[in-house]
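Shown here: query-v2.pdb, PDB, C-alpha atoms, pLDDT in the B column.
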```
ATOM      1  CA  MET A  27     -13.514 -16.479   5.533  1.00 92.00           C
ATOM      2  CA  LYS A  28     -13.335 -13.867   8.285  1.00 97.00           C
ATOM      3  CA  ILE A  29     -11.961 -10.439   7.350  1.00 98.00           C
ATOM      4  CA  VAL A  30     -10.939  -8.176  10.213  1.00 98.00           C
ATOM      5  CA  ALA A  31      -9.959  -4.525  10.042  1.00 98.00           C
ATOM      6  CA  MET A  32      -7.550  -3.289  12.693  1.00 98.00           C
ATOM      7  CA  ILE A  33      -7.160   0.438  13.238  1.00 97.00           C
ATOM      8  CA  PRO A  34      -4.001   1.117  15.275  1.00 95.00           C
ATOM      9  CA  ALA A  35      -4.385   4.363  17.200  1.00 93.00           C
ATOM     10  CA  ARG A  36      -2.142   5.117  20.120  1.00 88.00           C
ATOM     11  CA  LEU A  37      -2.158   8.456  21.900  1.00 84.00           C
ATOM     12  CA  GLY A  38       1.598   8.637  22.414  1.00 73.00           C
ATOM     13  CA  SER A  39       2.640  10.223  19.137  1.00 72.00           C
ATOM     14  CA  GLN A  40       5.758  12.315  19.608  1.00 73.00           C
ATOM     15  CA  ARG A  41       5.566  14.462  16.494  1.00 77.00           C
ATOM     16  CA  ILE A  42       1.895  15.465  16.742  1.00 82.00           C
ATOM     17  CA  LYS A  43       0.372  15.155  20.189  1.00 83.00           C
ATOM     18  CA  ASN A  44      -2.874  13.152  20.205  1.00 88.00           C
ATOM     19  CA  LYS A  45      -2.964  13.176  16.391  1.00 89.00           C
ATOM     20  CA  ASN A  46      -5.514  10.354  16.107  1.00 92.00           C
ATOM     21  CA  ILE A  47      -8.113  12.305  18.078  1.00 93.00           C
ATOM     22  CA  ARG A  48      -7.516  15.727  16.564  1.00 92.00           C
ATOM     23  CA  TYR A  49     -10.379  17.263  14.654  1.00 94.00           C
ATOM     24  CA  LEU A  50     -10.441  17.484  10.889  1.00 94.00           C
ATOM     25  CA  ASN A  51     -13.485  19.574  10.049  1.00 94.00           C
ATOM     26  CA  ASP A  52     -16.236  18.199  12.280  1.00 93.00           C
ATOM     27  CA  LYS A  53     -14.811  14.725  13.060  1.00 95.00           C
ATOM     28  CA  LEU A  54     -11.937  13.189  14.920  1.00 96.00           C
ATOM     29  CA  LEU A  55      -9.229  11.932  12.559  1.00 95.00           C
ATOM     30  CA  VAL A  56      -9.843   8.331  13.652  1.00 97.00           C
ATOM     31  CA  GLU A  57     -13.579   8.615  12.912  1.00 98.00           C
ATOM     32  CA  TYR A  58     -12.982   8.994   9.169  1.00 98.00           C
ATOM     33  CA  ILE A  59     -11.265   5.607   8.894  1.00 98.00           C
ATOM     34  CA  ILE A  60     -13.841   3.984  11.199  1.00 98.00           C
ATOM     35  CA  ASN A  61     -16.645   5.180   8.910  1.00 98.00           C
ATOM     36  CA  ALA A  62     -14.855   3.981   5.760  1.00 98.00           C
ATOM     37  CA  ALA A  63     -14.292   0.551   7.324  1.00 98.00           C
ATOM     38  CA  LYS A  64     -17.929   0.313   8.398  1.00 98.00           C
ATOM     39  CA  GLN A  65     -19.037   0.979   4.813  1.00 98.00           C
ATOM     40  CA  SER A  66     -16.888  -1.828   3.387  1.00 98.00           C
ATOM     41  CA  LYS A  67     -18.887  -4.710   2.006  1.00 98.00           C
ATOM     42  CA  TYR A  68     -16.258  -7.279   3.030  1.00 98.00           C
ATOM     43  CA  ILE A  69     -15.114  -6.435   6.549  1.00 98.00           C
ATOM     44  CA  ASP A  70     -16.667  -8.688   9.190  1.00 98.00           C
ATOM     45  CA  GLU A  71     -15.225  -7.047  12.320  1.00 98.00           C
ATOM     46  CA  ILE A  72     -13.519  -3.739  13.044  1.00 98.00           C
ATOM     47  CA  TYR A  73     -11.145  -3.276  15.986  1.00 98.00           C
ATOM     48  CA  LEU A  74      -9.659  -0.093  17.318  1.00 98.00           C
ATOM     49  CA  ASN A  75      -6.247  -1.190  18.643  1.00 97.00           C
ATOM     50  CA  SER A  76      -5.014   1.155  21.376  1.00 95.00           C
ATOM     51  CA  GLU A  77      -3.764   1.539  24.922  1.00 93.00           C
ATOM     52  CA  SER A  78      -6.155   4.446  25.575  1.00 93.00           C
ATOM     53  CA  ASN A  79      -9.444   4.381  27.477  1.00 95.00           C
ATOM     54  CA  LEU A  80     -10.481   7.451  25.502  1.00 95.00           C
ATOM     55  CA  LEU A  81     -10.144   5.486  22.262  1.00 96.00           C
ATOM     56  CA  LYS A  82     -12.040   2.621  23.882  1.00 97.00           C
ATOM     57  CA  LYS A  83     -14.953   5.038  24.381  1.00 98.00           C
ATOM     58  CA  ILE A  84     -14.698   6.117  20.743  1.00 97.00           C
ATOM     59  CA  ALA A  85     -14.865   2.459  19.662  1.00 98.00           C
ATOM     60  CA  GLN A  86     -17.966   1.956  21.823  1.00 98.00           C
ATOM     61  CA  LYS A  87     -19.557   5.130  20.429  1.00 98.00           C
ATOM     62  CA  HIS A  88     -19.105   3.780  16.893  1.00 98.00           C
ATOM     63  CA  ASP A  89     -20.199   0.242  17.800  1.00 98.00           C
ATOM     64  CA  ILE A  90     -16.897  -1.378  16.860  1.00 98.00           C
ATOM     65  CA  LYS A  91     -14.643  -3.637  18.908  1.00 98.00           C
ATOM     66  CA  PHE A  92     -11.730  -2.500  21.009  1.00 98.00           C
ATOM     67  CA  TYR A  93      -8.444  -4.340  21.395  1.00 97.00           C
ATOM     68  CA  GLU A  94      -6.503  -3.128  24.412  1.00 96.00           C
ATOM     69  CA  ARG A  95      -2.889  -2.905  23.411  1.00 93.00           C
ATOM     70  CA  GLN A  96      -0.363  -3.750  26.114  1.00 89.00           C
ATOM     71  CA  SER A  97       1.939  -0.907  27.127  1.00 84.00           C
ATOM     72  CA  GLN A  98       5.016  -2.465  25.508  1.00 85.00           C
ATOM     73  CA  TYR A  99       3.212  -2.259  22.149  1.00 86.00           C
ATOM     74  CA  SER A 100       2.394   1.426  22.642  1.00 84.00           C
ATOM     75  CA  SER A 101       5.926   2.665  23.080  1.00 80.00           C
ATOM     76  CA  ASN A 102       7.992   4.520  20.506  1.00 82.00           C
ATOM     77  CA  GLU A 103      10.193   1.426  20.250  1.00 83.00           C
ATOM     78  CA  ALA A 104       7.318  -0.904  19.313  1.00 86.00           C
ATOM     79  CA  THR A 105       7.036  -1.599  15.611  1.00 87.00           C
ATOM     80  CA  ASN A 106       3.988  -2.185  13.484  1.00 89.00           C
ATOM     81  CA  ASP A 107       5.028  -5.836  13.296  1.00 91.00           C
ATOM     82  CA  ASP A 108       5.093  -6.059  17.105  1.00 92.00           C
ATOM     83  CA  PHE A 109       1.546  -4.880  17.744  1.00 92.00           C
ATOM     84  CA  ALA A 110       0.107  -6.559  14.639  1.00 94.00           C
ATOM     85  CA  TYR A 111       1.611  -9.905  15.683  1.00 95.00           C
ATOM     86  CA  ASP A 112       0.223  -9.482  19.199  1.00 96.00           C
ATOM     87  CA  PHE A 113      -3.198  -8.721  17.709  1.00 96.00           C
ATOM     88  CA  LEU A 114      -3.087 -11.774  15.428  1.00 96.00           C
ATOM     89  CA  LYS A 115      -2.137 -14.051  18.321  1.00 96.00           C
ATOM     90  CA  ASN A 116      -5.379 -13.038  20.044  1.00 97.00           C
ATOM     91  CA  ILE A 117      -7.909 -12.314  17.297  1.00 97.00           C
ATOM     92  CA  GLU A 118      -8.850 -15.018  14.813  1.00 97.00           C
ATOM     93  CA  CYS A 119      -9.181 -14.010  11.185  1.00 97.00           C
ATOM     94  CA  SER A 120      -8.422 -15.176   7.653  1.00 96.00           C
ATOM     95  CA  ILE A 121      -7.432 -11.734   6.415  1.00 96.00           C
ATOM     96  CA  LEU A 122      -6.242  -8.783   8.471  1.00 97.00           C
ATOM     97  CA  ILE A 123      -6.570  -5.327   6.960  1.00 97.00           C
ATOM     98  CA  GLN A 124      -4.739  -2.566   8.784  1.00 97.00           C
ATOM     99  CA  LEU A 125      -6.299   0.856   8.278  1.00 97.00           C
ATOM    100  CA  LEU A 126      -4.520   3.957   9.508  1.00 95.00           C
ATOM    101  CA  PRO A 127      -6.256   6.963  11.083  1.00 95.00           C
ATOM    102  CA  THR A 128      -3.694   9.129   9.293  1.00 92.00           C
ATOM    103  CA  SER A 129      -5.388   8.204   5.989  1.00 93.00           C
ATOM    104  CA  PRO A 130      -8.719   9.956   6.538  1.00 95.00           C
ATOM    105  CA  PHE A 131      -9.602  10.296   2.862  1.00 94.00           C
ATOM    106  CA  ILE A 132      -9.544   6.603   1.982  1.00 95.00           C
ATOM    107  CA  LYS A 133     -12.854   5.417   0.556  1.00 96.00           C
ATOM    108  CA  SER A 134     -14.648   2.198   1.345  1.00 97.00           C
ATOM    109  CA  SER A 135     -14.459   1.323  -2.355  1.00 97.00           C
ATOM    110  CA  THR A 136     -10.656   1.510  -2.155  1.00 96.00           C
ATOM    111  CA  ILE A 137     -10.703  -0.799   0.862  1.00 97.00           C
ATOM    112  CA  ASP A 138     -12.987  -3.205  -0.996  1.00 98.00           C
ATOM    113  CA  ASN A 139     -10.773  -3.163  -4.112  1.00 97.00           C
ATOM    114  CA  PHE A 140      -7.784  -3.925  -1.884  1.00 96.00           C
ATOM    115  CA  ILE A 141      -9.577  -6.891  -0.294  1.00 97.00           C
ATOM    116  CA  GLU A 142     -10.711  -8.173  -3.699  1.00 97.00           C
ATOM    117  CA  LYS A 143      -7.118  -8.103  -4.953  1.00 97.00           C
ATOM    118  CA  ILE A 144      -5.952 -10.094  -1.922  1.00 97.00           C
ATOM    119  CA  LYS A 145      -8.686 -12.672  -2.402  1.00 96.00           C
ATOM    120  CA  ASN A 146      -8.583 -12.921  -6.207  1.00 96.00           C
ATOM    121  CA  GLU A 147      -4.809 -13.272  -6.371  1.00 97.00           C
ATOM    122  CA  ASN A 148      -4.545 -15.357  -3.197  1.00 95.00           C
ATOM    123  CA  LEU A 149      -1.944 -12.984  -1.753  1.00 95.00           C
ATOM    124  CA  ASP A 150      -0.327 -13.400   1.648  1.00 94.00           C
ATOM    125  CA  THR A 151       0.538  -9.711   1.962  1.00 93.00           C
ATOM    126  CA  LEU A 152      -0.417  -6.539   0.145  1.00 92.00           C
ATOM    127  CA  ILE A 153       0.704  -3.017   1.014  1.00 91.00           C
ATOM    128  CA  SER A 154      -0.760   0.110  -0.530  1.00 86.00           C
ATOM    129  CA  VAL A 155       1.413   3.082  -1.384  1.00 83.00           C
ATOM    130  CA  SER A 156       1.019   6.342  -3.245  1.00 78.00           C
ATOM    131  CA  ASN A 157       3.581   7.692  -5.647  1.00 77.00           C
ATOM    132  CA  ILE A 158       3.620  11.406  -4.870  1.00 75.00           C
ATOM    133  CA  LYS A 159       6.325  13.585  -6.309  1.00 74.00           C
ATOM    134  CA  ILE A 160       7.116  16.904  -4.702  1.00 77.00           C
ATOM    135  CA  GLU A 161       9.783  19.127  -6.173  1.00 78.00           C
ATOM    136  CA  SER A 162      12.498  20.035  -3.708  1.00 82.00           C
ATOM    137  CA  ILE A 163      14.906  22.953  -3.759  1.00 83.00           C
ATOM    138  CA  TYR A 164      17.944  23.430  -1.532  1.00 86.00           C
ATOM    139  CA  ARG A 165      19.957  26.666  -1.569  1.00 89.00           C
ATOM    140  CA  ASN A 166      18.020  27.799  -4.624  1.00 87.00           C
ATOM    141  CA  LYS A 167      18.968  24.703  -6.637  1.00 84.00           C
ATOM    142  CA  PRO A 168      16.671  21.823  -7.655  1.00 81.00           C
ATOM    143  CA  ILE A 169      17.334  18.548  -5.846  1.00 81.00           C
ATOM    144  CA  ASN A 170      15.038  16.060  -7.525  1.00 77.00           C
ATOM    145  CA  PHE A 171      14.159  17.672 -10.854  1.00 73.00           C
ATOM    146  CA  ASN A 172      15.804  19.451 -13.736  1.00 71.00           C
ATOM    147  CA  ASP A 173      15.366  23.212 -13.419  1.00 59.00           C
ATOM    148  CA  LEU A 174      14.748  23.345 -17.187  1.00 58.00           C
ATOM    149  CA  GLU A 175      11.699  21.062 -16.887  1.00 53.00           C
ATOM    150  CA  LYS A 176       8.351  22.722 -16.997  1.00 55.00           C
ATOM    151  CA  THR A 177       6.113  22.033 -14.033  1.00 51.00           C
ATOM    152  CA  PRO A 178       2.362  21.877 -14.536  1.00 52.00           C
TER     153      PRO A 178
END
```
What does the file become when written as structure tokens?
Amino acid sequence: MKIVAMIPARLGSQRIKNKNIRYLNDKLLVEYIINAAKQSKYIDEIYLNSESNLLKKIAQKHDIKFYERQSQYSSNEATNDDFAYDFLKNIECSILIQLLPTSPFIKSSTIDNFIEKIKNENLDTLISVSNIKIESIYRNKPINFNDLEKTP
């Protein structure tokens, strides 16, 4: 069973320019997820999936593989499904784990637990989410909570 991690990291972000290569403390954002993937006990290969030669150099620096994404899969119109399907048509694996550079605090143990769940339950697809509640106020009135509730 071959388990491959794909890290999608294009440079063309519209909201935050070059977000995947911005520094967080002493590392590039993308380096955090690369390091977590490298520490996983299950991942056989790690690919940085991008259209950028700069990210290709980062992949080489970290001794991981680089998958050159075609330009049509680096546009704002391209969906995650589009570039993941293209990747899967060209890279053989039993399980594909997509790890996002915008999740720099993920631990290798979390990645391993995720992979174990996929394997143990024989799942076709598994998506991780976090349930984070943030209280919102609009025009001095609560939107998603009761103003009589006590907040911690």
Contacts of region 93-159 of chain A with region 27-36 of chain A up to 10 Å, shortest pair per row, only C-alpha atoms, as JSON lines:
```
{"residue": "A:Tyr93", "atom": "CA", "partner": "A:Met32", "partner_atom": "CA", "distance": 8.8}
{"residue": "A:Arg95", "atom": "CA", "partner": "A:Arg36", "partner_atom": "CA", "distance": 8.7}
{"residue": "A:Tyr99", "atom": "CA", "partner": "A:Arg36", "partner_atom": "CA", "distance": 9.3}
{"residue": "A:Ser100", "atom": "CA", "partner": "A:Arg36", "partner_atom": "CA", "distance": 6.4}
{"residue": "A:Ser101", "atom": "CA", "partner": "A:Arg36", "partner_atom": "CA", "distance": 8.9}
{"residue": "A:Asn106", "atom": "CA", "partner": "A:Pro34", "partner_atom": "CA", "distance": 8.8}
{"residue": "A:Phe109", "atom": "CA", "partner": "A:Pro34", "partner_atom": "CA", "distance": 8.5}
{"residue": "A:Ala110", "atom": "CA", "partner": "A:Met32", "partner_atom": "CA", "distance": 8.6}
{"residue": "A:Phe113", "atom": "CA", "partner": "A:Met32", "partner_atom": "CA", "distance": 8.6}
{"residue": "A:Leu114", "atom": "CA", "partner": "A:Met32", "partner_atom": "CA", "distance": 10.0}
{"residue": "A:Ile117", "atom": "CA", "partner": "A:Val30", "partner_atom": "CA", "distance": 8.7}
{"residue": "A:Glu118", "atom": "CA", "partner": "A:Lys28", "partner_atom": "CA", "distance": 8.0}
{"residue": "A:Cys119", "atom": "CA", "partner": "A:Lys28", "partner_atom": "CA", "distance": 5.1}
{"residue": "A:Ser120", "atom": "CA", "partner": "A:Lys28", "partner_atom": "CA", "distance": 5.1}
{"residue": "A:Ile121", "atom": "CA", "partner": "A:Ile29", "partner_atom": "CA", "distance": 4.8}
{"residue": "A:Leu122", "atom": "CA", "partner": "A:Val30", "partner_atom": "CA", "distance": 5.0}
{"residue": "A:Ile123", "atom": "CA", "partner": "A:Ala31", "partner_atom": "CA", "distance": 4.7}
{"residue": "A:Gln124", "atom": "CA", "partner": "A:Met32", "partner_atom": "CA", "distance": 4.9}
{"residue": "A:Leu125", "atom": "CA", "partner": "A:Ile33", "partner_atom": "CA", "distance": 5.1}
{"residue": "A:Leu126", "atom": "CA", "partner": "A:Ile33", "partner_atom": "CA", "distance": 5.8}
{"residue": "A:Pro127", "atom": "CA", "partner": "A:Ala35", "partner_atom": "CA", "distance": 6.9}
{"residue": "A:Thr128", "atom": "CA", "partner": "A:Ala35", "partner_atom": "CA", "distance": 9.3}
{"residue": "A:Ile137", "atom": "CA", "partner": "A:Ala31", "partner_atom": "CA", "distance": 9.9}
{"residue": "A:Ile141", "atom": "CA", "partner": "A:Ile29", "partner_atom": "CA", "distance": 8.8}
```
Shortest contact to Ile132 (chain A), candidates A:Gln86, A:Asn79, A:Leu55, A:Asp112, atoms counted only C-alpha atoms, goes to A:Leu55
Q: Figure out the distance between CA of Leu81 (chain A) and CA of Leu37 (chain A), please, to one decimal in Å.
A: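 Separation of CA of Leu37 (chain A) and CA of Leu81 (chain A): 8.5 Å.
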Just so the selection is clear, what residues does the PyMOL selection byres ((chain A and resi 150-163) around 12) cover here, as an MDAnalysis selection string? chainID A and resid 120:126 129 132 136:137 139:149 164:173 175:178
I'd like the neighbourhood of Gln98 (chain A) as a PyMOL selection string, where a residue qualifies if any of its atoms comes within 10 Å (using all atoms listed in the file), though same-chain residues fewer than 6 positions away should be ignored. chain A and resi 77+104+108-109
Just to confirm, what's the straight-line distance from CA of Ala85 (chain A) to CA of Ile69 (chain A) in Å (one decimal)?
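So the answer is 15.8 Å.
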Centre, x/y/z edge lengths, axis-aligned box for region 112-130 of chain A with 3 Å per side, as lines of an AutoDock Vina configuration file:
```
center_x = -4.5
center_y = -2.6
center_z = 13.0
size_x = 15.4
size_y = 31.1
size_z = 20.1
```
I need the residue nearest Asp138 (chain A) from this list: A:Arg48, A:Ala62, A:Gln40, A:Tyr68. Use only C-alpha atoms for the distance.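 Using only C-alpha atoms, the shortest distance to Asp138 (chain A) belongs to A:Tyr68.
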Separating CA of Ile59 (chain A) from CA of Glu71 (chain A), to the nearest tenth of an Å, is a gap of 13.7 Å
Between A:Ile42, A:Leu74, A:Val56, A:Ile47, smallest distance to Phe131 (chain A) by all atoms listed in the file belongs to A:Val56
Judged by all atoms listed in the file, the minimum distance to Ser134 (chain A) among A:Ser39, A:Asn51, A:Asn61, A:Asn44 is found for A:Asn61
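The residue that comes closest to His88 (chain A), out of A:Ser135, A:Ile72, A:Asp107, A:Lys115 and on the basis of all atoms listed in the file, is A:Ile72.
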